[in-house]
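Enquirer: This is run-v5.cif (mmCIF, C-alpha atoms).
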```
data_structure
#
loop_
_atom_site.label_atom_id
_atom_site.label_comp_id
_atom_site.auth_asym_id
_atom_site.auth_seq_id
_atom_site.Cartn_x
_atom_site.Cartn_y
_atom_site.Cartn_z
CA MET A 1 -26.01 -29.47 -65.06
CA GLY A 2 -27.54 -31.73 -62.42
CA LYS A 3 -26.50 -35.28 -61.81
CA LYS A 4 -27.24 -37.49 -64.75
CA ARG A 5 -29.63 -40.12 -63.52
CA SER A 6 -30.77 -43.33 -64.98
CA MET A 7 -33.98 -43.04 -66.90
CA PRO A 8 -37.06 -44.92 -65.75
CA VAL A 9 -37.95 -47.97 -67.82
CA VAL A 10 -41.52 -48.41 -69.07
CA ALA A 11 -42.52 -51.75 -70.59
CA VAL A 12 -45.50 -52.41 -72.85
CA VAL A 13 -47.33 -55.73 -72.54
CA GLY A 14 -50.31 -56.83 -74.62
CA ARG A 15 -51.83 -59.46 -76.86
CA PRO A 16 -51.03 -59.64 -80.58
CA ASN A 17 -52.58 -56.95 -82.77
CA VAL A 18 -53.67 -54.63 -79.99
CA GLY A 19 -51.40 -51.97 -81.49
CA LYS A 20 -48.29 -52.11 -79.31
CA SER A 21 -45.89 -51.22 -82.09
CA THR A 22 -48.11 -48.41 -83.34
CA LEU A 23 -48.09 -46.93 -79.84
CA PHE A 24 -44.37 -47.49 -79.65
CA ASN A 25 -43.68 -45.75 -82.94
CA ALA A 26 -46.04 -42.90 -82.18
CA LEU A 27 -44.49 -42.19 -78.78
CA ALA A 28 -40.94 -42.61 -79.93
CA GLY A 29 -41.62 -40.46 -82.98
CA GLU A 30 -38.67 -40.17 -85.27
CA LYS A 31 -36.31 -39.83 -82.37
CA ILE A 32 -35.05 -43.36 -82.47
CA SER A 33 -31.71 -43.05 -80.78
CA ILE A 34 -30.03 -45.68 -82.83
CA VAL A 35 -26.72 -44.63 -84.28
CA LYS A 36 -26.52 -45.46 -87.97
CA ASP A 37 -23.50 -47.68 -87.63
CA THR A 38 -24.66 -49.58 -84.57
CA PRO A 39 -25.23 -53.01 -86.04
CA GLY A 40 -28.33 -55.10 -85.82
CA ILE A 41 -30.48 -53.10 -83.44
CA THR A 42 -32.75 -51.05 -85.65
CA ARG A 43 -34.54 -53.94 -87.25
CA ASP A 44 -36.17 -55.08 -84.07
CA ARG A 45 -37.10 -51.85 -82.40
CA ILE A 46 -36.99 -53.21 -78.88
CA TYR A 47 -36.41 -49.96 -77.07
CA ALA A 48 -36.61 -46.23 -77.69
CA ASP A 49 -36.24 -43.03 -75.71
CA VAL A 50 -39.35 -40.96 -75.12
CA SER A 51 -39.59 -37.52 -73.58
CA TRP A 52 -42.78 -36.10 -72.19
CA LEU A 53 -42.82 -32.56 -70.73
CA ASP A 54 -39.65 -32.50 -68.66
CA MET A 55 -39.37 -36.24 -68.20
CA ASN A 56 -37.48 -38.84 -70.18
CA PHE A 57 -37.91 -42.55 -70.07
CA THR A 58 -36.97 -45.67 -71.98
CA LEU A 59 -39.88 -47.49 -73.60
CA ILE A 60 -39.47 -51.23 -74.03
CA ASP A 61 -41.50 -53.54 -76.22
CA THR A 62 -41.51 -56.85 -74.37
CA GLY A 63 -42.02 -59.03 -77.38
CA GLY A 64 -43.98 -60.05 -80.37
CA ILE A 65 -46.20 -63.09 -80.24
CA GLU A 66 -46.89 -65.37 -83.14
CA PRO A 67 -50.57 -66.12 -82.65
CA GLU A 68 -50.98 -69.85 -83.15
CA SER A 69 -53.40 -70.91 -80.48
CA LYS A 70 -54.93 -69.45 -77.35
CA ASP A 71 -52.64 -71.47 -75.08
CA ILE A 72 -49.53 -70.24 -76.79
CA ILE A 73 -50.73 -66.66 -76.60
CA LEU A 74 -51.36 -66.97 -72.89
CA ARG A 75 -48.02 -68.61 -72.25
CA GLN A 76 -46.14 -65.96 -74.18
CA MET A 77 -48.15 -63.15 -72.59
CA ARG A 78 -47.11 -64.47 -69.19
CA GLU A 79 -43.54 -64.55 -70.38
CA GLN A 80 -43.84 -60.91 -71.54
CA ALA A 81 -45.46 -59.91 -68.28
CA GLN A 82 -42.61 -61.54 -66.38
CA ILE A 83 -39.99 -59.65 -68.40
CA ALA A 84 -41.88 -56.42 -67.73
CA ILE A 85 -42.18 -57.15 -64.01
CA ASP A 86 -38.47 -57.97 -63.85
CA THR A 87 -37.15 -54.95 -65.66
CA ALA A 88 -39.63 -52.08 -65.70
CA ASP A 89 -40.47 -49.27 -63.30
CA VAL A 90 -43.93 -48.86 -64.82
CA ILE A 91 -45.88 -51.35 -66.93
CA VAL A 92 -48.35 -50.37 -69.64
CA PHE A 93 -50.90 -53.11 -70.23
CA MET A 94 -52.41 -52.64 -73.63
CA THR A 95 -55.83 -53.91 -74.68
CA ASP A 96 -58.11 -53.39 -77.65
CA VAL A 97 -61.58 -51.85 -77.37
CA ARG A 98 -62.76 -53.66 -80.53
CA GLN A 99 -61.87 -57.09 -79.18
CA GLY A 100 -63.16 -56.26 -75.72
CA VAL A 101 -61.88 -57.90 -72.55
CA VAL A 102 -60.78 -61.46 -73.25
CA ASP A 103 -59.88 -64.30 -70.94
CA THR A 104 -56.12 -63.89 -71.50
CA ASP A 105 -56.38 -60.26 -70.38
CA PHE A 106 -57.82 -61.35 -67.03
CA LYS A 107 -55.05 -63.88 -66.44
CA VAL A 108 -52.28 -61.46 -67.34
CA ALA A 109 -53.90 -58.63 -65.36
CA ASP A 110 -53.92 -60.91 -62.35
CA MET A 111 -50.21 -61.62 -62.69
CA LEU A 112 -49.38 -57.93 -63.18
CA ARG A 113 -51.50 -56.86 -60.24
CA ARG A 114 -49.75 -59.27 -57.89
CA SER A 115 -46.34 -57.90 -58.88
CA GLY A 116 -47.00 -54.70 -56.95
CA LYS A 117 -45.53 -52.67 -59.82
CA PRO A 118 -47.45 -49.62 -61.07
CA ILE A 119 -49.69 -50.73 -63.97
CA VAL A 120 -51.26 -48.34 -66.46
CA LEU A 121 -54.14 -49.82 -68.43
CA ALA A 122 -54.37 -48.52 -72.00
CA VAL A 123 -57.40 -49.33 -74.15
CA ASN A 124 -56.41 -48.83 -77.76
CA LYS A 125 -58.30 -48.21 -81.03
CA VAL A 126 -60.73 -45.72 -79.46
CA ASP A 127 -60.98 -43.53 -82.56
CA ASP A 128 -64.26 -42.03 -81.46
CA PHE A 129 -64.64 -41.29 -77.77
CA ASN A 130 -68.44 -40.87 -77.87
CA LYS A 131 -68.92 -44.13 -79.67
CA TYR A 132 -66.63 -46.35 -77.62
CA MET A 133 -66.58 -44.92 -74.09
CA ALA A 134 -69.16 -47.42 -72.76
CA ASP A 135 -66.96 -50.27 -74.02
CA VAL A 136 -63.90 -48.72 -72.40
CA TYR A 137 -65.53 -48.86 -68.96
CA GLU A 138 -65.83 -52.62 -69.30
CA PHE A 139 -62.05 -52.77 -68.75
CA TYR A 140 -62.51 -51.70 -65.12
CA ASN A 141 -63.37 -55.38 -64.64
CA LEU A 142 -59.70 -56.29 -64.99
CA GLY A 143 -59.20 -54.86 -61.52
CA ILE A 144 -56.11 -52.83 -62.33
CA GLY A 145 -57.67 -49.41 -62.11
CA GLU A 146 -58.80 -46.80 -64.54
CA PRO A 147 -58.65 -47.65 -68.26
CA PHE A 148 -57.07 -44.91 -70.42
CA ALA A 149 -58.68 -44.65 -73.84
CA VAL A 150 -56.20 -44.03 -76.64
CA SER A 151 -55.89 -44.29 -80.37
CA SER A 152 -52.32 -45.12 -81.36
CA VAL A 153 -53.05 -44.49 -85.01
CA ASN A 154 -54.59 -41.05 -84.47
CA LYS A 155 -52.44 -40.23 -81.45
CA LEU A 156 -55.49 -39.49 -79.31
CA GLY A 157 -55.47 -39.67 -75.53
CA PHE A 158 -51.68 -39.73 -75.32
CA GLY A 159 -51.48 -36.77 -72.93
CA GLU A 160 -53.54 -38.42 -70.21
CA LEU A 161 -51.77 -41.73 -70.74
CA LEU A 162 -48.30 -40.18 -70.47
CA ASP A 163 -49.30 -38.11 -67.45
CA GLU A 164 -50.42 -41.30 -65.77
CA ILE A 165 -47.24 -43.21 -66.73
CA THR A 166 -44.91 -40.45 -65.53
CA SER A 167 -46.89 -39.89 -62.32
CA HIS A 168 -45.52 -43.26 -61.14
CA PHE A 169 -41.87 -42.32 -61.61
CA ASP A 170 -39.98 -42.11 -58.38
CA LYS A 171 -39.50 -38.34 -58.20
CA SER A 172 -37.11 -38.71 -55.29
CA ALA A 173 -34.84 -40.74 -57.54
CA ALA A 174 -34.76 -37.83 -59.95
CA VAL A 175 -32.73 -35.89 -57.45
CA GLU A 176 -30.51 -38.78 -56.48
CA GLU A 177 -28.66 -38.29 -53.26
CA GLU A 178 -25.06 -37.73 -54.28
CA ASP A 179 -24.07 -41.33 -54.75
CA ASP A 180 -20.36 -41.38 -55.35
CA ARG A 181 -20.08 -45.09 -55.80
CA ILE A 182 -19.03 -46.12 -59.28
CA LYS A 183 -21.74 -48.27 -60.85
CA ILE A 184 -20.57 -50.93 -63.27
CA ALA A 185 -22.91 -52.98 -65.44
CA VAL A 186 -21.36 -56.29 -66.40
CA VAL A 187 -22.94 -57.31 -69.70
CA GLY A 188 -22.39 -59.88 -72.40
CA LYS A 189 -23.88 -62.95 -73.99
CA PRO A 190 -24.92 -65.86 -71.79
CA ASN A 191 -22.08 -68.10 -70.54
CA VAL A 192 -19.17 -65.76 -71.20
CA GLY A 193 -18.29 -65.85 -67.51
CA LYS A 194 -19.91 -62.66 -66.20
CA SER A 195 -20.89 -64.08 -62.82
CA SER A 196 -17.66 -65.90 -62.18
CA MET A 197 -15.78 -62.70 -63.03
CA ILE A 198 -17.86 -60.69 -60.56
CA ASN A 199 -17.55 -63.36 -57.87
CA ARG A 200 -13.81 -63.37 -58.25
CA LEU A 201 -13.59 -59.56 -58.22
CA ILE A 202 -15.56 -59.21 -55.04
CA GLY A 203 -14.03 -62.13 -53.19
CA GLU A 204 -14.98 -61.87 -49.55
CA ASN A 205 -16.03 -58.21 -49.42
CA ARG A 206 -19.44 -58.62 -50.90
CA VAL A 207 -22.78 -57.18 -49.94
CA ILE A 208 -25.68 -58.18 -52.13
CA VAL A 209 -28.34 -55.54 -52.47
CA SER A 210 -31.18 -56.81 -54.51
CA ASP A 211 -33.69 -54.20 -53.51
CA VAL A 212 -32.29 -50.90 -54.64
CA ALA A 213 -34.41 -47.89 -53.74
CA GLY A 214 -37.72 -49.61 -54.26
CA THR A 215 -36.97 -51.25 -57.57
CA THR A 216 -37.36 -54.98 -57.74
CA ARG A 217 -35.21 -55.44 -60.80
CA ASP A 218 -33.75 -58.86 -61.06
CA ALA A 219 -30.30 -57.60 -61.90
CA VAL A 220 -28.48 -58.26 -58.66
CA ASP A 221 -26.45 -55.35 -57.38
CA THR A 222 -23.33 -56.19 -55.43
CA GLU A 223 -21.52 -53.54 -53.42
CA VAL A 224 -17.78 -53.93 -53.06
CA THR A 225 -15.11 -51.96 -51.28
CA TYR A 226 -11.71 -52.32 -52.90
CA HIS A 227 -8.73 -50.34 -51.62
CA GLY A 228 -11.09 -48.10 -49.67
CA LYS A 229 -13.25 -47.21 -52.69
CA GLU A 230 -16.84 -48.30 -53.15
CA TYR A 231 -18.10 -49.93 -56.32
CA VAL A 232 -21.49 -51.39 -57.26
CA PHE A 233 -21.54 -54.23 -59.77
CA ILE A 234 -24.82 -54.71 -61.64
CA ASP A 235 -24.95 -58.27 -62.88
CA THR A 236 -27.24 -59.16 -65.77
CA ALA A 237 -26.57 -62.88 -65.58
CA GLY A 238 -29.35 -63.94 -63.24
CA LEU A 239 -32.22 -65.96 -64.58
CA ARG A 240 -31.31 -68.89 -66.72
CA ARG A 241 -34.30 -68.88 -69.04
CA LYS A 242 -35.38 -72.33 -70.13
CA ASN A 243 -36.45 -70.73 -73.33
CA LYS A 244 -36.43 -72.64 -76.55
CA ILE A 245 -36.80 -69.71 -78.89
CA LYS A 246 -33.51 -68.07 -79.72
CA GLU A 247 -35.08 -64.76 -80.82
CA GLU A 248 -36.94 -64.41 -77.56
CA LEU A 249 -33.86 -65.19 -75.55
CA GLU A 250 -31.98 -62.54 -77.47
CA ARG A 251 -34.77 -60.01 -77.01
CA TYR A 252 -34.81 -60.79 -73.32
CA MET A 253 -31.05 -60.34 -73.13
CA ILE A 254 -31.27 -56.96 -74.86
CA ILE A 255 -34.04 -55.76 -72.53
CA ARG A 256 -32.06 -56.90 -69.49
CA THR A 257 -28.97 -55.18 -70.85
CA VAL A 258 -30.79 -51.91 -71.55
CA SER A 259 -32.15 -51.70 -68.03
CA ALA A 260 -28.77 -52.53 -66.45
CA VAL A 261 -26.81 -50.17 -68.69
CA GLU A 262 -29.31 -47.40 -67.97
CA ARG A 263 -28.32 -47.43 -64.29
CA ALA A 264 -24.58 -47.74 -64.75
CA ASP A 265 -21.71 -45.28 -65.20
CA ILE A 266 -19.45 -47.83 -66.79
CA VAL A 267 -20.19 -50.88 -68.86
CA VAL A 268 -17.89 -53.87 -68.85
CA LEU A 269 -18.65 -55.98 -71.91
CA VAL A 270 -17.39 -59.51 -71.38
CA ILE A 271 -16.38 -61.37 -74.54
CA ASP A 272 -15.47 -65.05 -74.77
CA ALA A 273 -11.86 -65.31 -75.99
CA VAL A 274 -12.35 -68.84 -77.27
CA GLU A 275 -15.42 -68.00 -79.31
CA GLY A 276 -14.08 -64.64 -80.47
CA VAL A 277 -16.04 -61.42 -80.93
CA THR A 278 -19.49 -61.90 -82.47
CA GLU A 279 -22.37 -59.99 -84.00
CA GLN A 280 -24.27 -60.48 -80.75
CA ASP A 281 -21.45 -58.79 -78.84
CA ALA A 282 -21.80 -55.87 -81.24
CA LYS A 283 -25.51 -55.59 -80.45
CA ILE A 284 -24.83 -55.43 -76.73
CA ALA A 285 -21.98 -52.95 -77.23
CA GLY A 286 -24.33 -50.85 -79.35
CA ILE A 287 -26.61 -50.36 -76.35
CA ALA A 288 -23.79 -48.97 -74.22
CA HIS A 289 -22.68 -46.74 -77.10
CA ASP A 290 -26.22 -45.48 -77.70
CA ARG A 291 -26.54 -44.66 -74.05
CA GLY A 292 -23.26 -42.72 -73.98
CA LYS A 293 -21.66 -44.94 -71.35
CA ALA A 294 -17.96 -45.46 -70.75
CA THR A 295 -17.01 -48.94 -71.93
CA ILE A 296 -14.37 -51.52 -71.13
CA ILE A 297 -14.17 -54.67 -73.20
CA ALA A 298 -12.98 -57.57 -71.06
CA VAL A 299 -11.85 -60.56 -73.09
CA ASN A 300 -12.40 -63.45 -70.67
CA LYS A 301 -11.04 -67.04 -70.78
CA TRP A 302 -7.77 -65.68 -72.18
CA ASP A 303 -6.00 -68.53 -70.36
CA ALA A 304 -7.73 -71.00 -72.68
CA VAL A 305 -6.37 -69.47 -75.89
CA GLU A 306 -3.25 -70.77 -77.65
CA LYS A 307 -0.99 -67.75 -77.89
CA ASN A 308 2.02 -66.50 -79.77
CA ASP A 309 3.50 -62.99 -79.83
CA LYS A 310 0.84 -61.79 -82.28
CA THR A 311 -2.30 -63.16 -80.62
CA VAL A 312 -3.17 -60.06 -78.59
CA ASN A 313 -2.77 -57.76 -81.57
CA GLN A 314 -4.79 -59.95 -83.86
CA PHE A 315 -7.62 -60.27 -81.35
CA THR A 316 -7.57 -56.54 -80.65
CA GLN A 317 -7.84 -55.76 -84.37
CA LYS A 318 -10.76 -58.13 -84.72
CA VAL A 319 -12.57 -56.44 -81.81
CA ARG A 320 -11.87 -52.99 -83.24
CA GLN A 321 -13.18 -54.09 -86.60
CA ILE A 322 -16.47 -55.58 -85.35
CA LEU A 323 -17.03 -52.85 -82.74
CA SER A 324 -15.87 -50.14 -85.10
CA PHE A 325 -18.44 -47.67 -83.75
CA MET A 326 -16.65 -47.53 -80.39
CA PRO A 327 -12.95 -47.03 -81.10
CA TYR A 328 -12.66 -45.33 -77.69
CA ALA A 329 -13.43 -48.50 -75.70
CA GLU A 330 -10.60 -49.91 -73.57
CA ILE A 331 -9.72 -53.56 -74.15
CA THR A 332 -8.27 -55.86 -71.50
CA PHE A 333 -7.50 -59.58 -71.57
CA ILE A 334 -8.47 -61.45 -68.42
CA SER A 335 -9.25 -64.82 -66.96
CA ALA A 336 -11.90 -65.22 -64.29
CA VAL A 337 -10.60 -68.74 -63.66
CA THR A 338 -6.92 -67.99 -63.05
CA GLY A 339 -7.47 -64.39 -61.92
CA GLN A 340 -5.07 -63.19 -64.61
CA ARG A 341 -5.10 -59.36 -64.83
CA LEU A 342 -8.48 -59.40 -63.11
CA PHE A 343 -7.72 -56.90 -60.38
CA LYS A 344 -6.15 -54.54 -62.91
CA LEU A 345 -9.77 -54.05 -63.92
CA TYR A 346 -10.35 -51.81 -60.90
CA GLU A 347 -7.60 -49.42 -62.05
CA LEU A 348 -9.08 -49.38 -65.52
CA ILE A 349 -12.56 -48.70 -64.12
CA ASP A 350 -11.22 -45.78 -62.06
CA ALA A 351 -9.41 -44.26 -65.03
CA VAL A 352 -12.33 -44.64 -67.40
CA TYR A 353 -14.74 -43.25 -64.80
CA GLU A 354 -12.59 -40.13 -64.48
CA ASN A 355 -12.56 -39.65 -68.24
CA HIS A 356 -16.33 -40.10 -68.42
CA ALA A 357 -16.77 -37.29 -65.90
CA MET A 358 -13.97 -35.02 -67.12
CA ARG A 359 -14.54 -31.33 -67.80
CA VAL A 360 -12.33 -29.31 -70.11
CA ALA A 361 -12.03 -25.54 -69.77
CA THR A 362 -13.62 -23.56 -72.61
CA GLY A 363 -10.45 -21.59 -73.28
CA VAL A 364 -8.42 -24.74 -73.84
CA LEU A 365 -11.11 -26.25 -76.08
CA ASN A 366 -11.14 -23.17 -78.29
CA GLU A 367 -7.35 -23.24 -78.59
CA ILE A 368 -7.51 -26.87 -79.70
CA MET A 369 -10.27 -26.06 -82.18
CA ALA A 370 -8.44 -23.03 -83.61
CA GLU A 371 -5.33 -25.15 -84.11
CA ALA A 372 -7.33 -27.95 -85.71
CA VAL A 373 -8.97 -25.52 -88.14
CA ALA A 374 -5.57 -24.07 -89.03
CA MET A 375 -4.20 -27.54 -89.75
CA GLN A 376 -7.13 -28.79 -91.79
CA GLN A 377 -9.36 -26.31 -93.52
CA PRO A 378 -13.09 -26.77 -92.90
CA PRO A 379 -15.13 -28.03 -95.86
CA SER A 380 -16.92 -25.65 -98.20
CA ASP A 381 -19.83 -26.08 -100.55
CA LYS A 382 -20.82 -23.92 -103.53
CA GLY A 383 -18.35 -21.28 -102.48
CA LYS A 384 -19.59 -21.13 -98.90
CA ARG A 385 -17.05 -22.20 -96.32
CA LEU A 386 -17.83 -23.64 -92.92
CA ARG A 387 -16.74 -21.39 -90.08
CA LEU A 388 -16.35 -22.64 -86.52
CA TYR A 389 -16.89 -19.85 -84.03
CA TYR A 390 -16.78 -21.37 -80.62
CA ILE A 391 -16.82 -24.64 -78.68
CA THR A 392 -17.85 -25.32 -75.11
CA GLN A 393 -18.47 -28.36 -72.93
CA VAL A 394 -22.04 -28.49 -71.64
CA ALA A 395 -22.22 -31.81 -69.79
CA VAL A 396 -20.32 -34.81 -68.43
CA LYS A 397 -21.09 -38.53 -68.38
CA PRO A 398 -20.49 -38.58 -71.29
CA PRO A 399 -18.53 -35.39 -72.01
CA THR A 400 -20.80 -33.38 -74.31
CA PHE A 401 -19.76 -30.41 -76.42
CA VAL A 402 -21.54 -27.75 -78.41
CA ILE A 403 -19.85 -26.23 -81.45
CA PHE A 404 -21.24 -22.98 -82.88
CA VAL A 405 -20.85 -22.68 -86.66
CA ASN A 406 -22.12 -20.47 -89.46
CA ASP A 407 -23.91 -23.29 -91.28
CA LYS A 408 -24.89 -26.65 -89.82
CA GLU A 409 -25.23 -28.26 -93.24
CA LEU A 410 -21.54 -27.72 -93.91
CA MET A 411 -20.41 -29.40 -90.69
CA HIS A 412 -19.97 -32.91 -92.01
CA PHE A 413 -19.81 -35.88 -89.74
CA SER A 414 -16.19 -36.45 -90.76
CA TYR A 415 -15.13 -32.95 -89.74
CA THR A 416 -16.82 -33.35 -86.36
CA ARG A 417 -14.90 -36.58 -85.96
CA TYR A 418 -11.69 -34.79 -86.89
CA ILE A 419 -12.31 -32.20 -84.14
CA GLU A 420 -13.11 -35.05 -81.73
CA ASN A 421 -9.82 -36.74 -82.55
CA GLN A 422 -7.91 -33.51 -81.90
CA ILE A 423 -9.59 -33.19 -78.49
CA ARG A 424 -8.84 -36.84 -77.72
CA GLU A 425 -5.23 -36.34 -78.74
CA THR A 426 -4.87 -33.73 -76.01
CA PHE A 427 -7.02 -35.22 -73.26
CA GLY A 428 -7.17 -38.92 -74.07
CA PHE A 429 -10.76 -39.48 -72.90
CA LYS A 430 -9.98 -43.19 -73.13
CA GLY A 431 -12.97 -45.44 -72.60
CA THR A 432 -15.67 -42.81 -72.99
CA PRO A 433 -17.71 -41.68 -75.97
CA LEU A 434 -17.88 -37.93 -76.64
CA LYS A 435 -21.06 -36.26 -77.85
CA PHE A 436 -21.14 -33.23 -80.13
CA PHE A 437 -24.02 -30.90 -80.91
CA ILE A 438 -23.70 -28.42 -83.74
CA ARG A 439 -25.56 -25.11 -83.40
CA GLU A 440 -25.87 -22.40 -85.99
CA ARG A 441 -25.09 -18.82 -85.15
CA LYS A 442 -25.71 -16.21 -87.81
CA GLU A 443 -22.57 -14.29 -88.64
CA SER A 444 -22.50 -11.03 -86.77
CA LYS A 445 -22.17 -8.21 -89.23
#
```
So, in terms of structure tokens, how does the structure I just supplied come out?
Expert:
Amino acid sequence: MGKKRSMPVVAVVGRPNVGKSTLFNALAGEKISIVKDTPGITRDRIYADVSWLDMNFTLIDTGGIEPESKDIILRQMREQAQIAIDTADVIVFMTDVRQGVVDTDFKVADMLRRSGKPIVLAVNKVDDFNKYMADVYEFYNLGIGEPFAVSSVNKLGFGELLDEITSHFDKSAAVEEEDDRIKIAVVGKPNVGKSSMINRLIGENRVIVSDVAGTTRDAVDTEVTYHGKEYVFIDTAGLRRKNKIKEELERYMIIRTVSAVERADIVVLVIDAVEGVTEQDAKIAGIAHDRGKATIIAVNKWDAVEKNDKTVNQFTQKVRQILSFMPYAEITFISAVTGQRLFKLYELIDAVYENHAMRVATGVLNEIMAEAVAMQQPPSDKGKRLRLYYITQVAVKPPTFVIFVNDKELMHFSYTRYIENQIRETFGFKGTPLKFFIRERKESK
């Protein structure tokens, strides 16, 4: 298995009703990588994973626009374009052949062109190539290169479009030079103290690298050396949006988080101790969980909380309850202001990083599995009993296992979780999710 690298981010920008979501749904297919019990993300399908040939990328929908008037559409399109320019490696600018080129398209095209990012121009609703091709050529006038004719509804023209999108991926990044530095994305709602925590952690030994290998993401990367080890903190704080609309702010936050988490090994989710753990925290945590990242939950402003001997336990239970889909996450109580337990975070990061990259020998895994099966009989259905033949680890970051069984249907989620718990009992794997794939192998006669 090669080094796991962060996936490129592709953002879609376009006016209302040009068919962004149809394109989104068609490309993402049914493979929406949203875990059933990750709260609150599925409703607003902001991002999805897409694979094309041997390439994978994250597709981001930069936002819906409520068409009220032309001015509002232009303002919000600019906003979308800015989000795309900030966070994406490649931008897809979507237009509609039936509506033709409109004034807003020119203004947004201008903004995109100046960003220097690769732009792919998609002209949608071309259901009949012979009929509409002349109209497609009109889009050359936008000055952002060749228009790609597609029909989201009929899935026409996708091949050329995807070839064009993926041709802009930085192939050299695909074979990243062995970068041993631990990358940590610091995420969380606005104003929970992410920046002050990072500033305190890095103290004097800071190097700010905003231009990482040709990406002009606005997440600022800060390199730190602590006790002779190198760390890179990816901060998602950055831009204070003067945005009135709460939904948009939240969407923006999620997009920023996705693109930061994508590049990180470890995610530190900062929660405000005074406010307590919220639904919004769960959304952000869900992104890290979806992406299989190791996670540390840092409860900040702990100095500001009235405490008795039960406070820590009560708060921990509350976190576990709301973030029930990530029982593996480590929890630590800190204060960026007083520095309380702050530098312990480095030890935690090191430990969690090791777990995220840990490999377990196949022999040992099979012993654990055999013992687990002996202790708790596998489920059966209509007289057929599940048999587990073999388990092996196929990847790290996160540790990923394949279990071979006689019948996939019989391998219930709860039994997989039981096997996971047995493995965790032996190896801990604190802080990291584990992934399991179940494969069928016909019983050898």
Enquirer: Report as a list in words the full result of the PyMOL selection byres ((chain A and resi 198) around 9) when it is applied to this structure.
Expert: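 That expression, the PyMOL selection byres ((chain A and resi 198) around 9), corresponds here to Val186, Gly193, Lys194, Ser195, Ser196, Met197, Asn199, Arg200, Leu201, Ile202, Gly203, Thr222, Phe233, Asp235 and Ala336 of chain A.
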Enquirer: Taking all atoms listed in the file into account, which of A:Val364, A:Ala11, A:Ile83, A:Leu388 comes nearest Thr58 of chain A?
Expert: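 Closest candidate: A:Ala11.
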Enquirer: So what do you get for atom CA of Ala329 of chain A versus atom CA of Ile234 of chain A, distance-wise?
Expert: 19.1 Å
Enquirer: Kindly resolve the PyMOL selection byres ((chain A and resi 109-124) around 8) on the present coordinates and return the residues as a PyMOL selection string.
Expert: chain A and resi 18-19+78+81+85+89-97+105-108+125-126+136+139+142-152+161+164-165+168
Enquirer: Between atom CA of Ile60 of chain A and atom CA of Ala185 of chain A, what distance in Å does the model show, to one decimal?
Expert: 18.7 Å
Enquirer: Translate the PyMOL selection byres ((chain A and resi 354) around 10), as applied to the file shown, into an explicit residue set as a PyMOL selection string.
Expert: chain A and resi 294+348-353+355-359+397+429-432
Enquirer: Using only C-alpha atoms, please write the residues we just selected to a file, as a PDB file, in the coordinates of the input.
Expert:
```pdb
ATOM      1  CA  ALA A 294     -17.960 -45.460 -70.750  1.00  0.00           C
ATOM      2  CA  LEU A 348      -9.080 -49.380 -65.520  1.00  0.00           C
ATOM      3  CA  ILE A 349     -12.560 -48.700 -64.120  1.00  0.00           C
ATOM      4  CA  ASP A 350     -11.220 -45.780 -62.060  1.00  0.00           C
ATOM      5  CA  ALA A 351      -9.410 -44.260 -65.030  1.00  0.00           C
ATOM      6  CA  VAL A 352     -12.330 -44.640 -67.400  1.00  0.00           C
ATOM      7  CA  TYR A 353     -14.740 -43.250 -64.800  1.00  0.00           C
ATOM      8  CA  ASN A 355     -12.560 -39.650 -68.240  1.00  0.00           C
ATOM      9  CA  HIS A 356     -16.330 -40.100 -68.420  1.00  0.00           C
ATOM     10  CA  ALA A 357     -16.770 -37.290 -65.900  1.00  0.00           C
ATOM     11  CA  MET A 358     -13.970 -35.020 -67.120  1.00  0.00           C
ATOM     12  CA  ARG A 359     -14.540 -31.330 -67.800  1.00  0.00           C
ATOM     13  CA  LYS A 397     -21.090 -38.530 -68.380  1.00  0.00           C
ATOM     14  CA  PHE A 429     -10.760 -39.480 -72.900  1.00  0.00           C
ATOM     15  CA  LYS A 430      -9.980 -43.190 -73.130  1.00  0.00           C
ATOM     16  CA  GLY A 431     -12.970 -45.440 -72.600  1.00  0.00           C
ATOM     17  CA  THR A 432     -15.670 -42.810 -72.990  1.00  0.00           C
TER      18      THR A 432
END
```
Enquirer: List every protein, DNA or RNA residue with an atom no more than 8 Å from (-14.8, -57.9, -84.3) in the file's coordinates, counting all atoms listed in the file, and format the result as a list of chain:residue names.
Expert: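 Counting all atoms listed in the file, I find these residues within 8 Å of (-14.8, -57.9, -84.3): A:Gly276, A:Val277, A:Thr278, A:Glu279, A:Ala282, A:Gln317, A:Lys318, A:Val319, A:Arg320, A:Gln321, A:Ile322, A:Leu323, A:Ser324.
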Enquirer: What is the atom CA of Thr104 of chain A-atom CA of Asn154 of chain A distance in Å, reported with one decimal?
Expert: 26.3 Å
Enquirer: For each of A:Thr426, A:Arg251, A:Phe129, A:Asp54, take the minimum atom-to-atom distance to Glu79 of chain A, counting only C-alpha atoms, then give the residue where this is smallest.
Expert: A:Arg251
